Amino acid sequence: MTTAAPAPLLAVENLRAWYGHSHILQGVSLQVRAGEIVTLVGRNGAGKTTTLKSIMGLVPKREGRVTFAGQDILDRPAHERFHRGLAYVPEERRIVPGLTVEENLRLGILAARGGPGRGGRASRRDEARRIEVIAETFPRLKQRLKQEAITMSGGEQQMLAIARALMAEPVMVLLDEPSEGIMPILVEEMFEQFVAMKRAGTTILLVEQNVELALDVSDRVYIVDGGAVVYHAPAAELRDDPEIQARYCAV
Amino acid sequence: MSAPVPGHALAQGTPLAAPRPGSGRTGRWLALASRHRVALTLAFLVVFPWVAPYQALAVNILVLGLYALGFNLLFGYTGLLSFGHAAFLGGGAYGCGIAIVHYGLHPVLALVAGTLLATFIAAAMGVLAIRTRGIYFAMTTLALSMCVYYAFYRAEAFTGGENGLRGINVPVLTLPGFLLDLLDPVVKYYAVLAVVGGAVWLFSRLLSSPFGAALKAIRENEGRAQACGYDVRRMKLVAFVISGALCGLAGALQAIHLSIVPIETMHYATSGQAVMMALLGGMGTFFGPFIGAATFSLLQDGLSTLTSHWQLFVGAIFIAFVLFLPLGIWGEVLARLRRAGW
Amino acid sequence: MVSAAAPTAPPILATEGLGKRFGHFRALSGVSVAFPEGGITAIIGPNGAGKSTFFNLISGAFRPSEGRVLFRGRDITGAAPHHFARMGIAKSFQITNVFPHLTVRENVRVAAQARRVRFGFFRDRSAYPELAERAEILLGEVGLGARMDRLARELAHGEQRALEIAVALAAEPALLLLDEPTAGMSPEETREMMDLVQRLAETRTLILVEHKMKLVMGLCRRLVVLHQGQLLAEGGPDDIRAHPEVRRVYLGKTA
Amino acid sequence: MTDLSLGGFPLDLLALQLVTGIALGAIYVLVGIGLSLIFGLMNVVNFAHGAFFMVGAYVGVFLYGYTGSFWLSLVAAPLAMGLLGLAVERVLVRPLYGRGIDDPLLLTFGLSYCMVESVRIAFGLTGLPFGAPPDLRGAVDLGIGYFPLYRLFLIAFSLTVVGALWLFIERTSFGLVIRAGARDPQIVQVLGIEISKVWLAVFGLGCALAGLAGILAAPLQGVTPEMGIPVLAEAFVVTVVGGMGSLAGAVLAGLLVGIVVAMTSLVAPDMTKMAIFALMALVLLVRPRGLLGRAGALG
Amino acid sequence: RSAAAQGGPIKIGFPVPLTGAFGAEANDQVRAAQLAVREFNEAGGFQGRQAELLVRDDKINPGEAASRTLELIEKDKVNFLVGGLSAAVTLSINNVARERGVIYNSISQSDAINEAKDFGRFTFHEALNPHMTAGAVGRYVFPKSGKRVAFLSADYAYGHEMMRGFKRAGEASGIEVVADIRHPIGASDYSAFLPRIAALKPDVLCLCNFGRDQVVSIQQATEFGLKRNTKLVAPVLLFTSRKAGGEAFDGVIGGTSYYWRLEDTVPSAKAFNDKFRAAYNGAVPSDYGALGYAGVRSVLEGVKAAGSVETDRVVAAMEGLKADFYKGPQSFRKCDHQLVQSVLIVESKSKGMKTPDDVFTILGTEGPDERFLRGCDELGHKA
Ligand SMILES: Nc1ncnc2c1ncn2[C@@H]1O[C@H](COP(=O)(O)OP(=O)(O)OP(=O)(O)O)[C@@H](O)[C@H]1O
Ligand SMILES: Nc1ncnc2c1ncn2[C@@H]1O[C@H](COP(=O)(O)OP(=O)(O)OP(=O)(O)O)[C@@H](O)[C@H]1O
Ligand SMILES: [Mg+2]
Ligand SMILES: [Mg+2]
């Protein structure tokens with residue numbers, strides 16, 4: 001399947017994963033090249049989230065090969081991926097309870113300045129600047145910096161989760177259903193934002209149920225089912241496929 | 001492209017993580033065992049005194065097992081960690097002891113009196129403690145139980161204070177139709193077993209009742225249980241009180257068994273003991289508390305006869321248990337059986 | 001059956017000047033709406049408009065700072081949350097909220113039980129076979145028929161969303177509040193869910209919060225729009241679609 | 001001065017009693033903070049905290065016997081306990097993460113048995129005598145009465161340590177990371193933080209504080225293998241009254257408990273121990289999260 | 001009573017708190033008791049029967065002690081019980097033993113065990129009781145050190161009993177009680193009580209507490225400078241406590257049942273110490289340790305005198321026993337089986353010590369005299 005020249009930024013080969021005794025991923029292979037937006041679609045329980053989590057090193061048992069920027073990261077501890085420039089927006093938002101919005105955001109950049117506790121005052125200022133920038137993109141967050149994050153509305157939490165992942169300006173982001181719970185007007189803006197990020201050089205691997213919009217912004221699409229990739233094509237091809245339209249898009 | 005499979009993708013072929021009761025050979029055995037858990041527990045306890053080093057210890061284990069069982073209702077099944085159960089054990093013991101020593105009540109009535117006193121203490125503590133949650137709940141119960149402790153400590157005329165309550169002597173138990181010689185350790189064991197057996201049976205009924213199911217739901221997710229229509233506070237209180245009553249019964253039996261009630265019975269260290277026994281045996285398992293009580297007592301007893309540094313070994317064994325048998329002894333046995341039978 | 005209730009029919013639920021403050025922040029203020037018996041009403045509005053807060057108020061999870069909630073004409077403001085459930089108001093949560101270490105079947109069964117037996121102490125649960133049956137039927141309806149013996153926490157996100165709804169349904173509510181029932185569901189499952197919602201609406205009143213406009217517009221006769229904690233608009237799909245303010249703050253180009 | 005009185009007690013006596021309470025509280029604060037750190041931030045109930053306190057005291061006293069320098073002991077005891085804490089976390093506690101609150105509880109309970117018994121084997125059952133170091137002996141006239149110099153030193157020193165700790169946790173991002181890590185370690189990891197190192201550090205720090213409290217308390221009461229047992233309960237009280245994981249709360253609660261004990265012993269001396277628990281019950285019933293506990297903190 | 005009592009060894013159950021705060025004392029008790037058993041066996045035992053000591057750890061917990069006593073009686077079928085160290089434990093052992101008709105010779109200090117309520121025909125009390133000890137110390141100290149007396153007492157039966165003994169002795173000297181402060185047992189800090197006591201400047205401060213409480217309170221009283229104006233007095237001044245407390249004990253006066261330097265004046269003490277030193281590497285017995293020896297010997301001498309191990313006959317024989325085992329003459333009073341014996345008044349020192357064990361100066365000895373005990377009717381025994 002490999003297409004020509006530049007080595008992919010992220011390459012997943014025959015990835016298998018287990019939760020306890022359940023064998024979930026049966027051998028997933030996919031590639032994302034630098035600067036691409038690639039989308040995974042599939043039914044509930046198909047294994048999309050498990051794929052992302054395995055890439056991030058969050059599934060207890062995993063086999064196969066995952067290379068990022070040319071290095072095998074399958075068995076590296078999760079936190080190392082962050083330092084290589086990989087960011088992750090989990091499904092169900094995973095906002096840290098007990099912290100304010102601002103603290104949740106700060107958490108996103110802490111490690112970027114060289115580990116907990118080692119930062120001096122200067123990078124504090126840096127932090128503040130980043131929060132400022134991100135908050136511009138999500139004005140709702142800006143008004144709520146001091147609110148306890150877990151009391152935010154569902155959509156606000158989703159924005160926070162995305163903003164947190166972007167704080168450290170990652171090379172590549174894995175987004176698990178970012179549009180869930182976001183109002184229509186903002187969903188559109190958000191996808192526009194993804195395109196803008198892509199233009200700025202960020203690579204994106206997306207899991208999305210809003211297939212119509214996802215197809216609009218993606219370069220390529222993988223369809224996951226039963227813990228494996230069952231189909232793979234450029235997005236444009238799928239946009240024109242009536243069967244795909246019928247099965248995945250119409251509501 | 002392949003057509004998406006109907007139904008959910010993993011429904012076919014992939015093994016499921018959670019074992020279904022009743023499938024596989026061991027599974028069937030387990031299902032059977034769990035249906036007859038009361039009978040099994042009792043069968044074990046009937047032969048137990050012949051295995052234990054001496055009968056008095058066997059009675060201790062019965063009593064402590066019941067105590068841990070009562071505690072387990074709260075922690076294992078309802079998810080409330082209490083550090084105040086000593087107040088119930090002690091309340092039961094003092095209630096029973098005082099009834100016999102100061103009022104000359106019949107031992108059977110004294111058992112009832114002890115259980116009632118414990119129930120009352122549990123209700124009073126529960127009403128206050130239920131307002132808090134998590135570790136704060138544990139600490140509130142601890143604090144309240146220590147207040148009870150000091151109250152009993154100071155009521156020296158009734159409780160004997162630091163010296164403990166002495167003179168709970170019941171050499172023979174007169175029941176309609178026959179006499180039991182409680183100075184005979186074997187007779188005493190089976191007399192206590194009769195009471196404990198009754199309590200275990202009631203407990204088992206409780207667990208398999210709708211109320212038991214609701215408690216587990218509360219343990220899992222209190223907020224959701226409430227949204228489903230359960231009056232969570234009241235149910236927690238009821239569980240607290242029932243748990244207190246069971247522990248109180250254990251205390252009352254202990255008073256008759258040892259013929260004294262030490263004030264230490266009410267100290268929080270005794271509450272800690274319930275936690276340890278329940279964890280050792282296996283939290284939220286039916287038989288676990290008895291296994292835990294037996295292990296705890298046998299370990300301490302056996303080792304302290306062998307060496308005066310027994311605490312070193314008890315400590316090390318505890319550590320080993322946690323590291324290698326995280327589900328508790330009985331919990332681990334169950335899990336192993338399940339896995340083997342899969 | 002599905003026919004829109006006549007405006008004169010007594011509402012199953014009504015709010016009067018309902019409001020909620022968190023500290024100084026007014027999440028909701030002065031919302032008065034009535035929901036007629038039967039049919040589906042959608043509540044829409046921007047993120048943070050106060051939709052979930054509104055649900056929490058009318059399901060008893062929050063106590064209002066001001067205003068009243070009337071259920072079938074009775075003032076139920078400030079009653080304990082479990083009373084709401086017993087009166088027949090059930091809610092599915094926007095952020096999945098189930099019993100993670102119970103099996104899928106047990107999740108629904110224990111929810112169904114809450115309606116029937118709460119303090120049964122000594123009768124065995126097998127004395128209530130109807131509860132288990134009901135659980136199985138409900139799970140079949142939401143498409144989890146094959147997953148009943150799994151622990152809830154082992155389900156995929158979309159499956160948990162389906163379970164969430166089954167748990168809410170188990171209480172046999174007269175009024176069912178669904179907070180983004182199809183969030184996280186694939187298009188295919190969303191369609192199935194919408195069929196289910198439509199069937200449910202034949203026998204009870206449904207209020208749902210949704211951000212999927214196509215779906216909402218197709219399903220509901222009536223929409224309520226909240227914005228910044230206040231009632232912005234109310235009406236049929238066409239009115240709402242045409243409402244300029246709604247378009248500006250919420251719909252964008254979509255509808 | 002003595003003719004002024006309040007509730008039948010001369011004012012200067014009351015004032016002296018207050019100072020006494022603060023000195024008592026200083027020790028409570030130190031043990032409380034250590035426990036609170038580990039407890040509030042790692043969700044680990046360290047039942048061996050009292051044992052660390054005791055071993056810290058032994059290490060300090062033992063070293064003092066060799067070097068004759070109390071100051072050295074003051075550094076060495078917490079250091080040794082910190083290292084021991086690191087080892088314990090790494091070898092024993094780490095395998096238990098993700099297993100809920102009960103496993104570490106049981107494990108540290110067993111560990112405390114081992115520590116106490118090891119000390120009995122190594123140093124005997126009776127304990128070692130130990131008094132205030134020569135430079136800190138004697139009493140100072142505070143104007144309200146004589147007060148032991150060592151206890152004044154104790155107050156000053158503990159408050160300095162607590163202040164430094166506060167700076168460390170509030171002014172560095174350490175506090176944020178550990179607070180977050182307690183709630184959702186996975187996310188913290190995804191955000192590039194090696195959470196296991198953070199926990200290691202927290203555990204070591206908590207144990208070091210226990211050791212420091214131990215050596216500071218040693219001149220007050222000598223050292224015995226059992227000296228840690230009441231300390232554990234007291235530390236729990238301080239932690240809970242102050243609010244889980246709240247540094248300021250632990251300070252407030254520690255001083256409060258000390259003062260309550262001192263004042264109770266003036267009016268109803270036989271009630272002093274009960275007073276601690278009554279205070280805790282009262283606080284929790286009025287403020288179920290402790291004095292400065294955050295909403296949503298643990299449970 | 002039982003079949004096993006007919007032949008085989010004479011078994012003596014010996015529950016003491018081997019672990020816990022009083023482990024040092026308990027271990028000493030065991031060593032001394034073993035000495036008594038060995039002595040008995042080496043002298044040929046009784047009718048060819050050897051004595052055997054069954055040591056159990058009571059963990060200083062009355063409940064544990066009761067279980068262990070049941071074990072010793074029901075499973076091991078012991079002939080006699082000796083032991084106990086804390087009052088609560090001794091009362092618990094006594095309660096179990098008396099119901100089953102087994103002789104128990106207590107070696108723990110308690111007033112309650114003499115009283116009719118707890119006393120049983122099979123109960124013997126080898127140790128001093130708080131009334132005797134405190135009384136002797138009071139009678140010695142008050143006339144010498146002054147009349148303004150403050151009490152700091154552990155708030156439990158034992159503390160109250162000691163205080164009662166002091167006050168009774170003080171009535172004769174006309175003391176004035178300036179403070180009567182009760183502290184909770186097991187307190188680790190006394191600083192909260194001390195400023196108040198210091199402010200009163202009493203002549204004598206009686207510390208009616210025990211073990212670790214005593215060590216810590218004396219240490220802190222010293223720290224608060226109380227010794228400047230006040231004589232510190234502890235009714236029961238333990239050898240091991242003094243060793244754990246160190247210099248802080250300087251000048252503290254107290255009572256004890258035994259101190260090894262008694263060997264300077266009493267031959268039986270010298271003989272006992274020598275045996276002990278020979279058996280245990282030159283160590284000297286502590287006060288409680290010596291009680292372990294005496295407790296076991298009383299029972300075994302009772303057997304010899306009775307010419308039987310049968311309970312009733314041994315009881316009668318022990319009641320008539322007049323002996324000098326290790327500290328001078330001693331005998332059991334008929335009504336409550338309390339051992340009438342001497343009380344030593346000692347003062348703690350840390351200078352001019354000949355050996356590290358030379359920690360006390362014996363100031364005086366109050367001879368054995370029934371007058372210093374509470375009367376039989378006061379205790380509720382019918383004449
Ligand atoms: N913690 C777990 N333990 C056991 N099984 C799990 C666990 N998490 C997920 N699974 C199972 O793995 C399968 C794949 O789940 P995954 O979350 O990857 O699906 P998904 O494609 O992301 O679905 P959705 O669209 O619903 O989020 C599902 O069948 C699910 O039941
Ligand atoms: N406990 C709280 N403290 C402070 N603010 C709160 C609290 N709970 C909710 N809010 C705020 O109230 C507003 C309304 O929240 P609500 O959850 O009702 O929004 P929503 O309409 O459901 O939005 P969404 O579509 O994103 O789910 C939000 O801005 C939220 O941040
Ligand atoms: Mg998913
Ligand atoms: Mg919402």
# chains A, B, ... in the order shown; residues from 1 in each chain; ligands from 1
$ closest_atom_pairs --of "chain C" --to "ligand 2" --cutoff "10 Å" --atoms "only C-alpha atoms and all ligand atoms" --output "Markdown table"
| residue | atom | partner | partner_atom_place_in_ligand_line | distance |
| --- | --- | --- | --- | --- |
| C:Lys20 | CA | ligand 2 | 12 (O) | 8.7 |
| C:Arg21 | CA | ligand 2 | 4 (C) | 7.9 |
| C:Phe22 | CA | ligand 2 | 3 (N) | 4.7 |
| C:Gly23 | CA | ligand 2 | 4 (C) | 6.9 |
| C:His24 | CA | ligand 2 | 4 (C) | 8.5 |
| C:Phe25 | CA | ligand 2 | 5 (N) | 6.4 |
| C:Arg26 | CA | ligand 2 | 12 (O) | 7.3 |
| C:Ala27 | CA | ligand 2 | 12 (O) | 4.3 |
| C:Leu28 | CA | ligand 2 | 14 (C) | 7.2 |
| C:Ile43 | CA | ligand 2 | 21 (O) | 9.0 |
| C:Ile44 | CA | ligand 2 | 21 (O) | 7.8 |
| C:Gly45 | CA | ligand 2 | 21 (O) | 6.3 |
| C:Pro46 | CA | ligand 2 | 25 (O) | 5.8 |
| C:Asn47 | CA | ligand 2 | 26 (O) | 3.4 |
| C:Gly48 | CA | ligand 2 | 19 (O) | 3.4 |
| C:Ala49 | CA | ligand 2 | 21 (O) | 3.8 |
| C:Gly50 | CA | ligand 2 | 18 (O) | 3.1 |
| C:Lys51 | CA | ligand 2 | 21 (O) | 3.5 |
| C:Ser52 | CA | ligand 2 | 22 (O) | 3.6 |
| C:Thr53 | CA | ligand 2 | 18 (O) | 3.5 |
| C:Phe54 | CA | ligand 2 | 18 (O) | 6.2 |
| C:Phe55 | CA | ligand 2 | 18 (O) | 7.8 |
| C:Asn56 | CA | ligand 2 | 18 (O) | 8.1 |
| C:Leu57 | CA | ligand 2 | 18 (O) | 9.7 |
| C:Phe62 | CA | ligand 2 | 1 (N) | 9.9 |
| C:Gln94 | CA | ligand 2 | 27 (O) | 7.2 |
| C:Ile95 | CA | ligand 2 | 27 (O) | 9.1 |
| C:Asp179 | CA | ligand 2 | 22 (O) | 8.1 |
| C:Glu180 | CA | ligand 2 | 27 (O) | 8.3 |
| C:Val209 | CA | ligand 2 | 25 (O) | 8.0 |
| C:Glu210 | CA | ligand 2 | 25 (O) | 8.0 |
| C:His211 | CA | ligand 2 | 25 (O) | 7.4 |
| C:Val225 | CA | ligand 2 | 21 (O) | 9.9 |
| C:Leu226 | CA | ligand 2 | 21 (O) | 7.5 |
| C:His227 | CA | ligand 2 | 21 (O) | 8.1 |
| C:Gln228 | CA | ligand 2 | 14 (C) | 7.8 |
| C:Gly229 | CA | ligand 2 | 14 (C) | 7.0 |
$ write_last_selection --atoms "N, CA and C atoms" --output "CSV table (one decimal), in the first residue's frame"
chain,number,residue,atom,x,y,z
C,20,LYS,N,-30.5,29.2,37.8
C,20,LYS,CA,-29.4,28.5,38.6
C,20,LYS,C,-28.2,29.3,38.6
C,21,ARG,N,-27.7,29.6,39.8
C,21,ARG,CA,-26.4,30.4,39.9
C,21,ARG,C,-25.3,29.4,40.4
C,22,PHE,N,-24.1,29.6,39.9
C,22,PHE,CA,-23.0,28.9,40.5
C,22,PHE,C,-22.1,30.0,41.0
C,23,GLY,N,-22.0,30.3,42.2
C,23,GLY,CA,-21.3,31.4,42.7
C,23,GLY,C,-21.9,32.7,42.1
C,24,HIS,N,-21.1,33.5,41.4
C,24,HIS,CA,-21.7,34.7,40.8
C,24,HIS,C,-22.2,34.4,39.4
C,25,PHE,N,-21.9,33.2,38.9
C,25,PHE,CA,-22.2,33.0,37.5
C,25,PHE,C,-23.6,32.4,37.4
C,26,ARG,N,-24.4,33.1,36.5
C,26,ARG,CA,-25.8,32.7,36.3
C,26,ARG,C,-25.8,31.7,35.1
C,27,ALA,N,-25.9,30.5,35.4
C,27,ALA,CA,-25.9,29.5,34.3
C,27,ALA,C,-27.3,29.4,33.6
C,28,LEU,N,-28.3,29.8,34.4
C,28,LEU,CA,-29.6,29.7,33.8
C,28,LEU,C,-30.4,30.8,34.5
C,43,ILE,N,-34.1,20.4,23.0
C,43,ILE,CA,-33.5,21.7,23.5
C,43,ILE,C,-32.2,21.8,22.8
C,44,ILE,N,-32.0,23.0,22.2
C,44,ILE,CA,-30.8,23.2,21.5
C,44,ILE,C,-30.2,24.5,22.0
C,45,GLY,N,-29.0,24.8,21.6
C,45,GLY,CA,-28.4,26.0,22.0
C,45,GLY,C,-26.9,25.8,22.1
C,46,PRO,N,-26.1,26.9,22.1
C,46,PRO,CA,-24.7,26.8,22.1
C,46,PRO,C,-24.1,26.1,23.3
C,47,ASN,N,-22.8,25.7,23.1
C,47,ASN,CA,-22.1,25.1,24.3
C,47,ASN,C,-22.2,26.1,25.4
C,48,GLY,N,-22.5,25.5,26.6
C,48,GLY,CA,-22.5,26.3,27.8
C,48,GLY,C,-23.8,27.2,27.9
C,49,ALA,N,-24.8,26.9,27.0
C,49,ALA,CA,-26.0,27.7,27.1
C,49,ALA,C,-26.8,27.4,28.3
C,50,GLY,N,-26.6,26.3,28.9
C,50,GLY,CA,-27.4,25.9,30.1
C,50,GLY,C,-28.3,24.7,29.9
C,51,LYS,N,-28.1,24.0,28.8
C,51,LYS,CA,-29.0,22.9,28.5
C,51,LYS,C,-28.9,21.8,29.5
C,52,SER,N,-27.7,21.4,29.8
C,52,SER,CA,-27.5,20.3,30.8
C,52,SER,C,-27.9,20.8,32.2
C,53,THR,N,-27.7,22.0,32.4
C,53,THR,CA,-28.1,22.6,33.7
C,53,THR,C,-29.6,22.5,33.8
C,54,PHE,N,-30.3,22.9,32.8
C,54,PHE,CA,-31.7,22.8,32.7
C,54,PHE,C,-32.2,21.4,33.0
C,55,PHE,N,-31.6,20.4,32.4
C,55,PHE,CA,-31.9,19.0,32.6
C,55,PHE,C,-31.7,18.6,34.0
C,56,ASN,N,-30.5,19.1,34.6
C,56,ASN,CA,-30.2,18.8,36.0
C,56,ASN,C,-31.3,19.3,36.9
C,57,LEU,N,-31.8,20.5,36.6
C,57,LEU,CA,-32.8,21.1,37.4
C,57,LEU,C,-34.1,20.3,37.3
C,62,PHE,N,-29.9,19.1,40.5
C,62,PHE,CA,-29.6,20.4,41.1
C,62,PHE,C,-30.8,20.9,41.7
C,94,GLN,N,-25.0,13.3,29.7
C,94,GLN,CA,-24.2,13.7,28.6
C,94,GLN,C,-22.9,13.0,28.6
C,95,ILE,N,-22.3,12.9,29.8
C,95,ILE,CA,-21.1,12.3,30.0
C,95,ILE,C,-21.4,10.9,30.7
C,179,ASP,N,-29.8,13.5,27.2
C,179,ASP,CA,-28.8,14.5,27.0
C,179,ASP,C,-27.8,14.0,25.9
C,180,GLU,N,-27.9,14.5,24.7
C,180,GLU,CA,-27.1,14.1,23.6
C,180,GLU,C,-27.0,12.6,23.5
C,209,VAL,N,-31.6,16.8,24.2
C,209,VAL,CA,-30.6,17.8,23.9
C,209,VAL,C,-29.8,17.2,22.8
C,210,GLU,N,-29.6,17.9,21.7
C,210,GLU,CA,-28.8,17.3,20.6
C,210,GLU,C,-28.1,18.5,19.9
C,211,HIS,N,-26.9,18.1,19.3
C,211,HIS,CA,-26.2,19.1,18.5
C,211,HIS,C,-26.3,18.7,17.0
C,225,VAL,N,-34.9,26.8,22.3
C,225,VAL,CA,-33.5,27.3,22.1
C,225,VAL,C,-33.1,28.1,23.4
C,226,LEU,N,-32.0,27.6,24.0
C,226,LEU,CA,-31.4,28.4,25.1
C,226,LEU,C,-30.2,29.1,24.6
C,227,HIS,N,-30.0,30.3,25.2
C,227,HIS,CA,-28.7,31.0,24.9
C,227,HIS,C,-28.3,31.8,26.1
C,228,GLN,N,-27.1,31.6,26.5
C,228,GLN,CA,-26.6,32.3,27.7
C,228,GLN,C,-27.5,32.2,28.9
C,229,GLY,N,-28.1,31.0,29.0
C,229,GLY,CA,-28.9,30.8,30.2
C,229,GLY,C,-30.3,31.3,30.1
$ residues_around --residues "Met277 in chain B" --least-positions-apart "5" --cutoff "10 Å" --atoms "only C-alpha atoms" --output "list in words"
Leu64, Gly65, Tyr67, Ala68, Leu69, Phe71, Asn72, Gly272, Gly282, Met283, Gly288, Pro289, Phe290, Ile291, Gly292, Ala293, Ala294, Thr295, Phe296, Ser297 and Gly328 of chain B; Leu106 of chain D
$ write_last_selection --atoms "C-alpha atoms" --output "short mmCIF file (atom, residue, chain, number, x, y, z; two decimals), in the first residue's frame"
data_model
loop_
_atom_site.label_atom_id
_atom_site.label_comp_id
_atom_site.auth_asym_id
_atom_site.auth_seq_id
_atom_site.Cartn_x
_atom_site.Cartn_y
_atom_site.Cartn_z
CA LEU B 64 -13.85 -12.36 64.34
CA GLY B 65 -15.11 -13.87 61.10
CA TYR B 67 -17.11 -9.27 62.77
CA ALA B 68 -15.23 -9.08 59.47
CA LEU B 69 -18.35 -10.24 57.65
CA PHE B 71 -17.57 -4.99 58.11
CA ASN B 72 -17.45 -6.50 54.66
CA GLY B 272 -8.17 -1.73 61.81
CA GLY B 282 -10.87 -11.07 50.02
CA MET B 283 -12.99 -7.98 49.89
CA GLY B 288 -13.39 -14.29 52.60
CA PRO B 289 -13.94 -12.72 56.01
CA PHE B 290 -13.77 -16.10 57.72
CA ILE B 291 -10.65 -17.03 55.82
CA GLY B 292 -9.22 -13.63 56.67
CA ALA B 293 -10.07 -13.97 60.34
CA ALA B 294 -8.61 -17.46 60.42
CA THR B 295 -5.41 -16.41 58.67
CA PHE B 296 -4.99 -13.36 60.82
CA SER B 297 -5.54 -15.20 64.08
CA GLY B 328 -7.15 -11.57 49.12
CA LEU D 106 -2.49 -3.21 53.88
#
$ residues_around --residues "range 180-197 of chain A" --least-positions-apart "6" --cutoff "9 Å" --atoms "only C-alpha atoms" --output "PyMOL selection string"
(chain A and resi 37+91-92+137+154-156+158-159+203-204+208-210+213-214+216-218) or (chain C and resi 44-47+94+180+183-184+210-213+247-254)
$ interface_residues --of "chain D" --to "chain E" --cutoff "6 Å" --atoms "only C-alpha atoms" --output "tab-separated table (two decimals) with N, CA and C atoms, in the first residue's frame"
chain	number	residue	atom	x	y	z
D	125	LEU	N	14.21	-3.48	73.47
D	125	LEU	CA	12.79	-3.20	73.68
D	125	LEU	C	12.54	-1.93	74.46
D	126	THR	N	13.54	-1.52	75.25
D	126	THR	CA	13.26	-0.44	76.20
D	126	THR	C	13.35	0.95	75.63
D	127	GLY	N	14.03	1.12	74.55
D	127	GLY	CA	14.18	2.47	74.04
D	127	GLY	C	15.47	3.09	74.53
D	128	LEU	N	15.82	4.22	73.94
D	128	LEU	CA	17.05	4.91	74.29
D	128	LEU	C	16.72	6.24	74.94
D	129	PRO	N	17.46	6.58	76.01
D	129	PRO	CA	17.22	7.89	76.61
D	129	PRO	C	17.81	8.98	75.71
D	148	PRO	N	10.76	26.02	77.97
D	148	PRO	CA	11.98	25.34	77.54
D	148	PRO	C	12.48	25.88	76.20
D	221	GLN	N	10.72	13.16	74.41
D	221	GLN	CA	10.17	11.96	75.03
D	221	GLN	C	11.10	10.77	74.99
D	262	ALA	N	-3.63	21.64	74.41
D	262	ALA	CA	-3.08	22.41	75.52
D	262	ALA	C	-4.18	23.03	76.36
D	269	PRO	N	-8.09	18.02	82.07
D	269	PRO	CA	-6.89	17.32	81.61
D	269	PRO	C	-7.14	15.88	81.18
D	270	ASP	N	-8.07	15.21	81.83
D	270	ASP	CA	-8.29	13.81	81.49
D	270	ASP	C	-8.96	13.66	80.12
$ select_by_dssp --residues "range 70-222 of chain E" --states "strand (DSSP E or B)" --output "NGL selection string"
:E and (80-83 or 103-106 or 123-125 or 148-154 or 176-183 or 204-208)
